[in-house]
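Raw query.txt, compact mmCIF, N, CA and C atoms:
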```txt
# COMPACT_ATOMS: atom_id res chain seq x y z
N MET Z 1 -19.35 -4.70 -22.33
CA MET Z 1 -20.44 -3.76 -22.09
C MET Z 1 -21.71 -4.54 -21.83
N PHE Z 2 -22.52 -4.05 -20.93
CA PHE Z 2 -23.80 -4.65 -20.64
C PHE Z 2 -24.83 -4.05 -21.60
N PRO Z 3 -25.35 -4.83 -22.54
CA PRO Z 3 -26.28 -4.31 -23.55
C PRO Z 3 -27.51 -3.64 -22.96
N LEU Z 4 -28.04 -4.19 -21.87
CA LEU Z 4 -29.22 -3.60 -21.26
C LEU Z 4 -28.92 -2.22 -20.69
N ALA Z 5 -27.76 -2.05 -20.06
CA ALA Z 5 -27.37 -0.75 -19.53
C ALA Z 5 -27.24 0.26 -20.67
N GLN Z 6 -26.63 -0.15 -21.77
CA GLN Z 6 -26.48 0.74 -22.91
C GLN Z 6 -27.84 1.14 -23.48
N LEU Z 7 -28.76 0.19 -23.58
CA LEU Z 7 -30.10 0.49 -24.08
C LEU Z 7 -30.81 1.48 -23.18
N LEU Z 8 -30.74 1.28 -21.88
CA LEU Z 8 -31.39 2.20 -20.95
C LEU Z 8 -30.81 3.60 -21.07
N LEU Z 9 -29.50 3.71 -21.24
CA LEU Z 9 -28.89 5.02 -21.42
C LEU Z 9 -29.35 5.68 -22.72
N GLU Z 10 -29.43 4.89 -23.77
CA GLU Z 10 -29.89 5.42 -25.06
C GLU Z 10 -31.32 5.93 -24.97
N LYS Z 11 -32.11 5.34 -24.07
CA LYS Z 11 -33.51 5.73 -23.89
C LYS Z 11 -33.67 6.84 -22.85
N GLY Z 12 -32.56 7.35 -22.33
CA GLY Z 12 -32.61 8.49 -21.43
C GLY Z 12 -32.65 8.19 -19.95
N ALA Z 13 -32.21 7.01 -19.53
CA ALA Z 13 -32.20 6.69 -18.10
C ALA Z 13 -31.37 7.72 -17.34
N ASP Z 14 -31.84 8.11 -16.17
CA ASP Z 14 -31.15 9.08 -15.32
C ASP Z 14 -30.00 8.36 -14.62
N VAL Z 15 -28.76 8.72 -14.94
CA VAL Z 15 -27.60 8.03 -14.39
C VAL Z 15 -27.38 8.31 -12.91
N ASN Z 16 -28.08 9.29 -12.36
CA ASN Z 16 -27.93 9.63 -10.95
C ASN Z 16 -29.17 9.31 -10.12
N ALA Z 17 -30.18 8.67 -10.70
CA ALA Z 17 -31.41 8.34 -9.97
C ALA Z 17 -31.12 7.31 -8.88
N GLN Z 18 -31.90 7.36 -7.80
CA GLN Z 18 -31.75 6.39 -6.72
C GLN Z 18 -33.11 5.96 -6.22
N GLY Z 19 -33.18 4.74 -5.69
CA GLY Z 19 -34.39 4.21 -5.10
C GLY Z 19 -34.57 2.74 -5.41
N GLY Z 20 -35.33 2.03 -4.60
CA GLY Z 20 -35.59 0.61 -4.82
C GLY Z 20 -34.45 -0.28 -4.39
N GLU Z 21 -34.65 -1.58 -4.53
CA GLU Z 21 -33.65 -2.55 -4.08
C GLU Z 21 -32.30 -2.37 -4.75
N TYR Z 22 -32.29 -2.09 -6.05
CA TYR Z 22 -31.04 -1.94 -6.79
C TYR Z 22 -30.70 -0.49 -7.10
N GLY Z 23 -31.45 0.45 -6.57
CA GLY Z 23 -31.18 1.85 -6.81
C GLY Z 23 -32.01 2.39 -7.95
N ASN Z 24 -31.99 1.71 -9.10
CA ASN Z 24 -32.79 2.06 -10.27
C ASN Z 24 -32.58 1.00 -11.34
N ALA Z 25 -33.32 1.10 -12.44
CA ALA Z 25 -33.22 0.09 -13.50
C ALA Z 25 -31.84 0.03 -14.12
N LEU Z 26 -31.22 1.19 -14.31
CA LEU Z 26 -29.89 1.22 -14.91
C LEU Z 26 -28.88 0.53 -14.01
N GLN Z 27 -28.98 0.79 -12.74
CA GLN Z 27 -28.05 0.15 -11.81
C GLN Z 27 -28.25 -1.36 -11.81
N ALA Z 28 -29.49 -1.81 -11.79
CA ALA Z 28 -29.76 -3.25 -11.81
C ALA Z 28 -29.18 -3.90 -13.06
N ALA Z 29 -29.18 -3.17 -14.17
CA ALA Z 29 -28.63 -3.70 -15.41
C ALA Z 29 -27.11 -3.66 -15.45
N SER Z 30 -26.49 -2.91 -14.54
CA SER Z 30 -25.05 -2.67 -14.57
C SER Z 30 -24.26 -3.47 -13.55
N ILE Z 31 -24.94 -4.15 -12.64
CA ILE Z 31 -24.22 -4.73 -11.51
C ILE Z 31 -24.34 -6.24 -11.42
N GLU Z 32 -23.43 -6.79 -10.67
CA GLU Z 32 -23.48 -8.18 -10.29
C GLU Z 32 -23.79 -8.28 -8.81
N ASP Z 33 -23.38 -7.30 -8.03
CA ASP Z 33 -23.65 -7.20 -6.60
C ASP Z 33 -24.23 -5.83 -6.33
N TYR Z 34 -24.97 -5.68 -5.24
CA TYR Z 34 -25.61 -4.42 -4.90
C TYR Z 34 -24.58 -3.36 -4.52
N GLU Z 35 -24.74 -2.19 -5.03
CA GLU Z 35 -23.97 -1.00 -4.65
C GLU Z 35 -24.96 0.15 -4.55
N ALA Z 36 -24.51 1.37 -4.30
CA ALA Z 36 -25.43 2.49 -4.08
C ALA Z 36 -25.83 3.20 -5.36
N THR Z 37 -24.93 3.39 -6.31
CA THR Z 37 -25.26 4.09 -7.54
C THR Z 37 -24.71 3.31 -8.73
N CYS Z 38 -25.16 3.66 -9.90
CA CYS Z 38 -24.69 2.99 -11.11
C CYS Z 38 -23.18 3.06 -11.24
N ILE Z 39 -22.65 4.25 -11.05
CA ILE Z 39 -21.21 4.41 -11.26
C ILE Z 39 -20.41 3.66 -10.21
N GLN Z 40 -20.93 3.58 -8.97
CA GLN Z 40 -20.24 2.80 -7.95
C GLN Z 40 -20.27 1.32 -8.30
N ALA Z 41 -21.40 0.85 -8.77
CA ALA Z 41 -21.53 -0.56 -9.13
C ALA Z 41 -20.59 -0.93 -10.27
N ALA Z 42 -20.56 -0.10 -11.30
CA ALA Z 42 -19.69 -0.36 -12.44
C ALA Z 42 -18.22 -0.27 -12.04
N SER Z 43 -17.89 0.68 -11.16
CA SER Z 43 -16.52 0.84 -10.69
C SER Z 43 -16.07 -0.37 -9.88
N ALA Z 44 -16.94 -0.81 -8.98
CA ALA Z 44 -16.61 -1.97 -8.14
C ALA Z 44 -16.47 -3.23 -8.97
N GLY Z 45 -17.26 -3.33 -10.04
CA GLY Z 45 -17.22 -4.51 -10.88
C GLY Z 45 -16.12 -4.50 -11.92
N GLY Z 46 -15.39 -3.39 -12.02
CA GLY Z 46 -14.30 -3.30 -12.98
C GLY Z 46 -14.76 -3.10 -14.41
N HIS Z 47 -15.96 -2.58 -14.57
CA HIS Z 47 -16.54 -2.39 -15.90
C HIS Z 47 -16.17 -1.00 -16.45
N GLU Z 48 -14.95 -0.92 -16.98
CA GLU Z 48 -14.42 0.37 -17.42
C GLU Z 48 -15.28 1.02 -18.50
N ALA Z 49 -15.78 0.24 -19.44
CA ALA Z 49 -16.60 0.81 -20.52
C ALA Z 49 -17.88 1.42 -19.98
N ILE Z 50 -18.49 0.78 -18.98
CA ILE Z 50 -19.71 1.32 -18.39
C ILE Z 50 -19.39 2.58 -17.60
N VAL Z 51 -18.30 2.57 -16.84
CA VAL Z 51 -17.90 3.77 -16.09
C VAL Z 51 -17.71 4.93 -17.05
N ALA Z 52 -17.00 4.70 -18.15
CA ALA Z 52 -16.77 5.76 -19.13
C ALA Z 52 -18.08 6.26 -19.72
N LEU Z 53 -18.99 5.35 -20.03
CA LEU Z 53 -20.28 5.73 -20.60
C LEU Z 53 -21.11 6.52 -19.60
N LEU Z 54 -21.12 6.09 -18.35
CA LEU Z 54 -21.87 6.80 -17.32
C LEU Z 54 -21.31 8.21 -17.11
N LEU Z 55 -20.00 8.33 -17.12
CA LEU Z 55 -19.39 9.65 -16.97
C LEU Z 55 -19.71 10.54 -18.17
N GLU Z 56 -19.72 9.94 -19.36
CA GLU Z 56 -20.09 10.67 -20.57
C GLU Z 56 -21.53 11.20 -20.46
N LYS Z 57 -22.38 10.43 -19.78
CA LYS Z 57 -23.79 10.81 -19.60
C LYS Z 57 -23.99 11.65 -18.35
N GLU Z 58 -22.89 12.14 -17.77
CA GLU Z 58 -22.88 13.06 -16.64
C GLU Z 58 -23.26 12.44 -15.30
N ALA Z 59 -22.87 11.19 -15.09
CA ALA Z 59 -23.04 10.60 -13.77
C ALA Z 59 -22.21 11.37 -12.77
N ASN Z 60 -22.70 11.50 -11.55
CA ASN Z 60 -21.99 12.22 -10.50
C ASN Z 60 -20.80 11.37 -10.03
N VAL Z 61 -19.61 11.79 -10.39
CA VAL Z 61 -18.39 11.03 -10.09
C VAL Z 61 -18.14 10.93 -8.59
N ASN Z 62 -18.71 11.84 -7.80
CA ASN Z 62 -18.50 11.85 -6.36
C ASN Z 62 -19.74 11.47 -5.56
N ALA Z 63 -20.72 10.83 -6.18
CA ALA Z 63 -21.94 10.43 -5.47
C ALA Z 63 -21.57 9.55 -4.28
N GLN Z 64 -22.21 9.80 -3.15
CA GLN Z 64 -21.90 9.11 -1.91
C GLN Z 64 -22.96 8.08 -1.56
N GLY Z 65 -22.54 7.01 -0.87
CA GLY Z 65 -23.45 6.00 -0.36
C GLY Z 65 -22.94 4.61 -0.65
N GLY Z 66 -23.67 3.62 -0.19
CA GLY Z 66 -23.34 2.23 -0.48
C GLY Z 66 -22.20 1.69 0.34
N GLU Z 67 -21.83 0.49 0.02
CA GLU Z 67 -20.81 -0.26 0.76
C GLU Z 67 -19.47 0.45 0.78
N TYR Z 68 -19.08 1.07 -0.33
CA TYR Z 68 -17.75 1.67 -0.44
C TYR Z 68 -17.72 3.17 -0.24
N GLY Z 69 -18.84 3.83 -0.25
CA GLY Z 69 -18.88 5.27 -0.05
C GLY Z 69 -18.99 6.05 -1.34
N ASN Z 70 -18.17 5.73 -2.33
CA ASN Z 70 -18.24 6.38 -3.65
C ASN Z 70 -17.54 5.51 -4.69
N ALA Z 71 -17.62 5.93 -5.93
CA ALA Z 71 -17.08 5.13 -7.03
C ALA Z 71 -15.57 4.95 -6.94
N LEU Z 72 -14.86 6.01 -6.55
CA LEU Z 72 -13.40 5.92 -6.45
C LEU Z 72 -13.00 4.90 -5.37
N GLN Z 73 -13.68 4.94 -4.24
CA GLN Z 73 -13.38 3.98 -3.18
C GLN Z 73 -13.72 2.56 -3.62
N ALA Z 74 -14.81 2.41 -4.36
CA ALA Z 74 -15.21 1.08 -4.84
C ALA Z 74 -14.16 0.52 -5.79
N ALA Z 75 -13.72 1.33 -6.74
CA ALA Z 75 -12.72 0.88 -7.70
C ALA Z 75 -11.39 0.59 -7.01
N SER Z 76 -11.02 1.43 -6.06
CA SER Z 76 -9.77 1.24 -5.33
C SER Z 76 -9.80 -0.03 -4.50
N ALA Z 77 -10.91 -0.23 -3.78
CA ALA Z 77 -11.03 -1.40 -2.90
C ALA Z 77 -10.97 -2.70 -3.68
N ARG Z 78 -11.48 -2.68 -4.89
CA ARG Z 78 -11.52 -3.90 -5.70
C ARG Z 78 -10.29 -4.02 -6.63
N GLY Z 79 -9.39 -3.04 -6.59
CA GLY Z 79 -8.16 -3.12 -7.36
C GLY Z 79 -8.32 -2.86 -8.85
N HIS Z 80 -9.30 -2.06 -9.23
CA HIS Z 80 -9.54 -1.75 -10.64
C HIS Z 80 -8.84 -0.44 -11.01
N GLU Z 81 -7.54 -0.57 -11.29
CA GLU Z 81 -6.69 0.60 -11.54
C GLU Z 81 -7.17 1.46 -12.70
N ALA Z 82 -7.63 0.85 -13.78
CA ALA Z 82 -8.09 1.62 -14.93
C ALA Z 82 -9.27 2.51 -14.54
N ASN Z 83 -10.19 1.98 -13.73
CA ASN Z 83 -11.32 2.78 -13.28
C ASN Z 83 -10.88 3.89 -12.33
N VAL Z 84 -9.92 3.60 -11.46
CA VAL Z 84 -9.39 4.62 -10.56
C VAL Z 84 -8.83 5.78 -11.37
N ILE Z 85 -8.02 5.47 -12.37
CA ILE Z 85 -7.42 6.51 -13.21
C ILE Z 85 -8.49 7.31 -13.93
N LEU Z 86 -9.48 6.62 -14.51
CA LEU Z 86 -10.56 7.30 -15.24
C LEU Z 86 -11.34 8.21 -14.31
N LEU Z 87 -11.69 7.73 -13.14
CA LEU Z 87 -12.46 8.53 -12.18
C LEU Z 87 -11.67 9.76 -11.74
N LEU Z 88 -10.39 9.58 -11.48
CA LEU Z 88 -9.56 10.73 -11.09
C LEU Z 88 -9.46 11.75 -12.22
N GLU Z 89 -9.32 11.27 -13.44
CA GLU Z 89 -9.27 12.18 -14.60
C GLU Z 89 -10.56 12.97 -14.76
N LYS Z 90 -11.67 12.39 -14.30
CA LYS Z 90 -12.97 13.04 -14.43
C LYS Z 90 -13.36 13.82 -13.18
N GLY Z 91 -12.41 13.99 -12.26
CA GLY Z 91 -12.65 14.87 -11.12
C GLY Z 91 -13.06 14.20 -9.82
N ALA Z 92 -12.88 12.90 -9.69
CA ALA Z 92 -13.22 12.24 -8.42
C ALA Z 92 -12.38 12.85 -7.30
N ASP Z 93 -13.03 13.12 -6.18
CA ASP Z 93 -12.39 13.72 -5.01
C ASP Z 93 -11.72 12.62 -4.20
N ILE Z 94 -10.39 12.64 -4.10
CA ILE Z 94 -9.68 11.58 -3.38
C ILE Z 94 -9.90 11.67 -1.88
N ASN Z 95 -10.45 12.77 -1.41
CA ASN Z 95 -10.70 12.94 0.02
C ASN Z 95 -12.17 12.75 0.40
N ALA Z 96 -13.00 12.35 -0.56
CA ALA Z 96 -14.44 12.20 -0.28
C ALA Z 96 -14.71 10.89 0.41
```

Entire entry expressed as structure tokens:
Amino acid sequence: MFPLAQLLLEKGADVNAQGGEYGNALQAASIEDYEATCIQAASAGGHEAIVALLLEKEANVNAQGGEYGNALQAASARGHEANVILLLEKGADINA
């Protein structure tokens, strides 16, 4: 788990906010490479605990944008099966 991401969530960071070079402070704390949203970044990076936490905080599982299009595509492209399963269980649209 990324401690900074957890702290920002505890302080009420908006998990769906967008803007700036990294999208928002939470996204910058959650990623190693640039993606479009926090959940996409965590999914692409294989950070299952962060994906679960973001979903618990009501991140939009089908948010669009970035290199991969959405979190499910990011997790799939990078081969992170656990994140793919979690995203599908939380309602990710396989056709988005």

What separation in Å, quoted to one decimal, exists between atom CA of Z:Gly69 and atom C of Z:Glu10?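 Computing it gives 27.9 Å between the two atoms.
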
Which neighbours of Z:Ile39 fall inside 8 Å, counting only N, CA and C atoms, when residues of the same chain fewer than 5 positions from it are skipped, and could you give them as an MDAnalysis selection string? chainID Z and resid 15:16 26:27 44:45 50:51 54:55 59:61 70:72 74:75

What lies within 12 Å of Z:Ser76 using only C-alpha atoms, ignoring chain neighbours under 2 positions off, as an MDAnalysis selection string? chainID Z and resid 40 43:46 68:74 78:88 92 94

Kindly give the distance, in Å, that separates atom CA of Z:Glu67 and atom CA of Z:Thr37, rounded to a single decimal.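 So the two atoms, atom CA of Z:Glu67 and atom CA of Z:Thr37, lie 10.4 Å apart.
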
Using all atoms listed in the file, can you tell me which of Z:Asn62, Z:Leu53, Z:His47, Z:Gln6 comes closest to Z:Lys90?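 So, comparing all the options, the nearest one is Z:Asn62.
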
What is the distance between atom C of Z:Ala13 and atom N of Z:Glu58, in Å to one decimal?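 Computed distance, atom C of Z:Ala13 to atom N of Z:Glu58, equals 9.6 Å.
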
Because some atoms of stretch 62-73 of chain Z are absent here, can you restore all heavy atoms and send them as a PDB file, keeping the file's coordinate frame?
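The resulting rebuild-v8.pdb:
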```
ATOM      1  N   ASN Z  62     -18.710  11.840  -7.800  1.00  0.00           N
ATOM      2  CA  ASN Z  62     -18.500  11.850  -6.360  1.00  0.00           C
ATOM      3  C   ASN Z  62     -19.740  11.470  -5.560  1.00  0.00           C
ATOM      4  O   ASN Z  62     -19.806  11.748  -4.354  1.00  0.00           O
ATOM      5  CB  ASN Z  62     -17.994  13.232  -5.916  1.00  0.00           C
ATOM      6  CG  ASN Z  62     -16.599  13.499  -6.419  1.00  0.00           C
ATOM      7  OD1 ASN Z  62     -15.691  12.704  -6.217  1.00  0.00           O
ATOM      8  ND2 ASN Z  62     -16.412  14.606  -7.115  1.00  0.00           N
ATOM      9  N   ALA Z  63     -20.720  10.830  -6.180  1.00  0.00           N
ATOM     10  CA  ALA Z  63     -21.940  10.430  -5.470  1.00  0.00           C
ATOM     11  C   ALA Z  63     -21.570   9.550  -4.280  1.00  0.00           C
ATOM     12  O   ALA Z  63     -20.709   8.681  -4.374  1.00  0.00           O
ATOM     13  CB  ALA Z  63     -22.874   9.677  -6.416  1.00  0.00           C
ATOM     14  N   GLN Z  64     -22.210   9.800  -3.150  1.00  0.00           N
ATOM     15  CA  GLN Z  64     -21.900   9.110  -1.910  1.00  0.00           C
ATOM     16  C   GLN Z  64     -22.960   8.080  -1.560  1.00  0.00           C
ATOM     17  O   GLN Z  64     -24.135   8.240  -1.879  1.00  0.00           O
ATOM     18  CB  GLN Z  64     -21.820  10.129  -0.752  1.00  0.00           C
ATOM     19  CG  GLN Z  64     -20.719  11.153  -0.924  1.00  0.00           C
ATOM     20  CD  GLN Z  64     -19.348  10.540  -0.811  1.00  0.00           C
ATOM     21  OE1 GLN Z  64     -19.035   9.889   0.177  1.00  0.00           O
ATOM     22  NE2 GLN Z  64     -18.512  10.742  -1.808  1.00  0.00           N
ATOM     23  N   GLY Z  65     -22.540   7.010  -0.870  1.00  0.00           N
ATOM     24  CA  GLY Z  65     -23.450   6.000  -0.360  1.00  0.00           C
ATOM     25  C   GLY Z  65     -22.940   4.610  -0.650  1.00  0.00           C
ATOM     26  O   GLY Z  65     -21.889   4.421  -1.265  1.00  0.00           O
ATOM     27  N   GLY Z  66     -23.670   3.620  -0.190  1.00  0.00           N
ATOM     28  CA  GLY Z  66     -23.340   2.230  -0.480  1.00  0.00           C
ATOM     29  C   GLY Z  66     -22.200   1.690   0.340  1.00  0.00           C
ATOM     30  O   GLY Z  66     -21.663   2.334   1.231  1.00  0.00           O
ATOM     31  N   GLU Z  67     -21.830   0.490   0.020  1.00  0.00           N
ATOM     32  CA  GLU Z  67     -20.810  -0.260   0.760  1.00  0.00           C
ATOM     33  C   GLU Z  67     -19.470   0.450   0.780  1.00  0.00           C
ATOM     34  O   GLU Z  67     -18.758   0.436   1.777  1.00  0.00           O
ATOM     35  CB  GLU Z  67     -20.649  -1.645   0.121  1.00  0.00           C
ATOM     36  CG  GLU Z  67     -19.626  -2.513   0.792  1.00  0.00           C
ATOM     37  CD  GLU Z  67     -19.517  -3.883   0.158  1.00  0.00           C
ATOM     38  OE1 GLU Z  67     -20.326  -4.227  -0.720  1.00  0.00           O
ATOM     39  OE2 GLU Z  67     -18.587  -4.615   0.538  1.00  0.00           O
ATOM     40  N   TYR Z  68     -19.080   1.070  -0.330  1.00  0.00           N
ATOM     41  CA  TYR Z  68     -17.750   1.670  -0.440  1.00  0.00           C
ATOM     42  C   TYR Z  68     -17.720   3.170  -0.240  1.00  0.00           C
ATOM     43  O   TYR Z  68     -16.648   3.749  -0.122  1.00  0.00           O
ATOM     44  CB  TYR Z  68     -17.133   1.336  -1.805  1.00  0.00           C
ATOM     45  CG  TYR Z  68     -16.909  -0.140  -1.967  1.00  0.00           C
ATOM     46  CD1 TYR Z  68     -17.763  -0.908  -2.736  1.00  0.00           C
ATOM     47  CD2 TYR Z  68     -15.852  -0.773  -1.323  1.00  0.00           C
ATOM     48  CE1 TYR Z  68     -17.566  -2.267  -2.875  1.00  0.00           C
ATOM     49  CE2 TYR Z  68     -15.644  -2.139  -1.453  1.00  0.00           C
ATOM     50  CZ  TYR Z  68     -16.508  -2.879  -2.225  1.00  0.00           C
ATOM     51  OH  TYR Z  68     -16.307  -4.220  -2.356  1.00  0.00           O
ATOM     52  N   GLY Z  69     -18.840   3.830  -0.250  1.00  0.00           N
ATOM     53  CA  GLY Z  69     -18.880   5.270  -0.050  1.00  0.00           C
ATOM     54  C   GLY Z  69     -18.990   6.050  -1.340  1.00  0.00           C
ATOM     55  O   GLY Z  69     -19.798   6.950  -1.461  1.00  0.00           O
ATOM     56  N   ASN Z  70     -18.170   5.730  -2.330  1.00  0.00           N
ATOM     57  CA  ASN Z  70     -18.240   6.380  -3.650  1.00  0.00           C
ATOM     58  C   ASN Z  70     -17.540   5.510  -4.690  1.00  0.00           C
ATOM     59  O   ASN Z  70     -16.942   4.488  -4.362  1.00  0.00           O
ATOM     60  CB  ASN Z  70     -17.658   7.803  -3.601  1.00  0.00           C
ATOM     61  CG  ASN Z  70     -16.198   7.838  -3.209  1.00  0.00           C
ATOM     62  OD1 ASN Z  70     -15.396   7.045  -3.680  1.00  0.00           O
ATOM     63  ND2 ASN Z  70     -15.834   8.760  -2.334  1.00  0.00           N
ATOM     64  N   ALA Z  71     -17.620   5.930  -5.930  1.00  0.00           N
ATOM     65  CA  ALA Z  71     -17.080   5.130  -7.030  1.00  0.00           C
ATOM     66  C   ALA Z  71     -15.570   4.950  -6.940  1.00  0.00           C
ATOM     67  O   ALA Z  71     -15.042   3.871  -7.205  1.00  0.00           O
ATOM     68  CB  ALA Z  71     -17.455   5.772  -8.369  1.00  0.00           C
ATOM     69  N   LEU Z  72     -14.860   6.010  -6.550  1.00  0.00           N
ATOM     70  CA  LEU Z  72     -13.400   5.920  -6.450  1.00  0.00           C
ATOM     71  C   LEU Z  72     -13.000   4.900  -5.370  1.00  0.00           C
ATOM     72  O   LEU Z  72     -12.094   4.086  -5.585  1.00  0.00           O
ATOM     73  CB  LEU Z  72     -12.807   7.292  -6.147  1.00  0.00           C
ATOM     74  CG  LEU Z  72     -11.288   7.360  -6.058  1.00  0.00           C
ATOM     75  CD1 LEU Z  72     -10.642   6.930  -7.378  1.00  0.00           C
ATOM     76  CD2 LEU Z  72     -10.840   8.767  -5.685  1.00  0.00           C
ATOM     77  N   GLN Z  73     -13.680   4.940  -4.240  1.00  0.00           N
ATOM     78  CA  GLN Z  73     -13.380   3.980  -3.180  1.00  0.00           C
ATOM     79  C   GLN Z  73     -13.720   2.560  -3.620  1.00  0.00           C
ATOM     80  O   GLN Z  73     -12.985   1.614  -3.304  1.00  0.00           O
ATOM     81  CB  GLN Z  73     -14.144   4.345  -1.912  1.00  0.00           C
ATOM     82  CG  GLN Z  73     -13.640   5.622  -1.273  1.00  0.00           C
ATOM     83  CD  GLN Z  73     -14.476   6.048  -0.078  1.00  0.00           C
ATOM     84  OE1 GLN Z  73     -15.366   5.339   0.371  1.00  0.00           O
ATOM     85  NE2 GLN Z  73     -14.191   7.223   0.435  1.00  0.00           N
TER      86      GLN Z  73
END
```
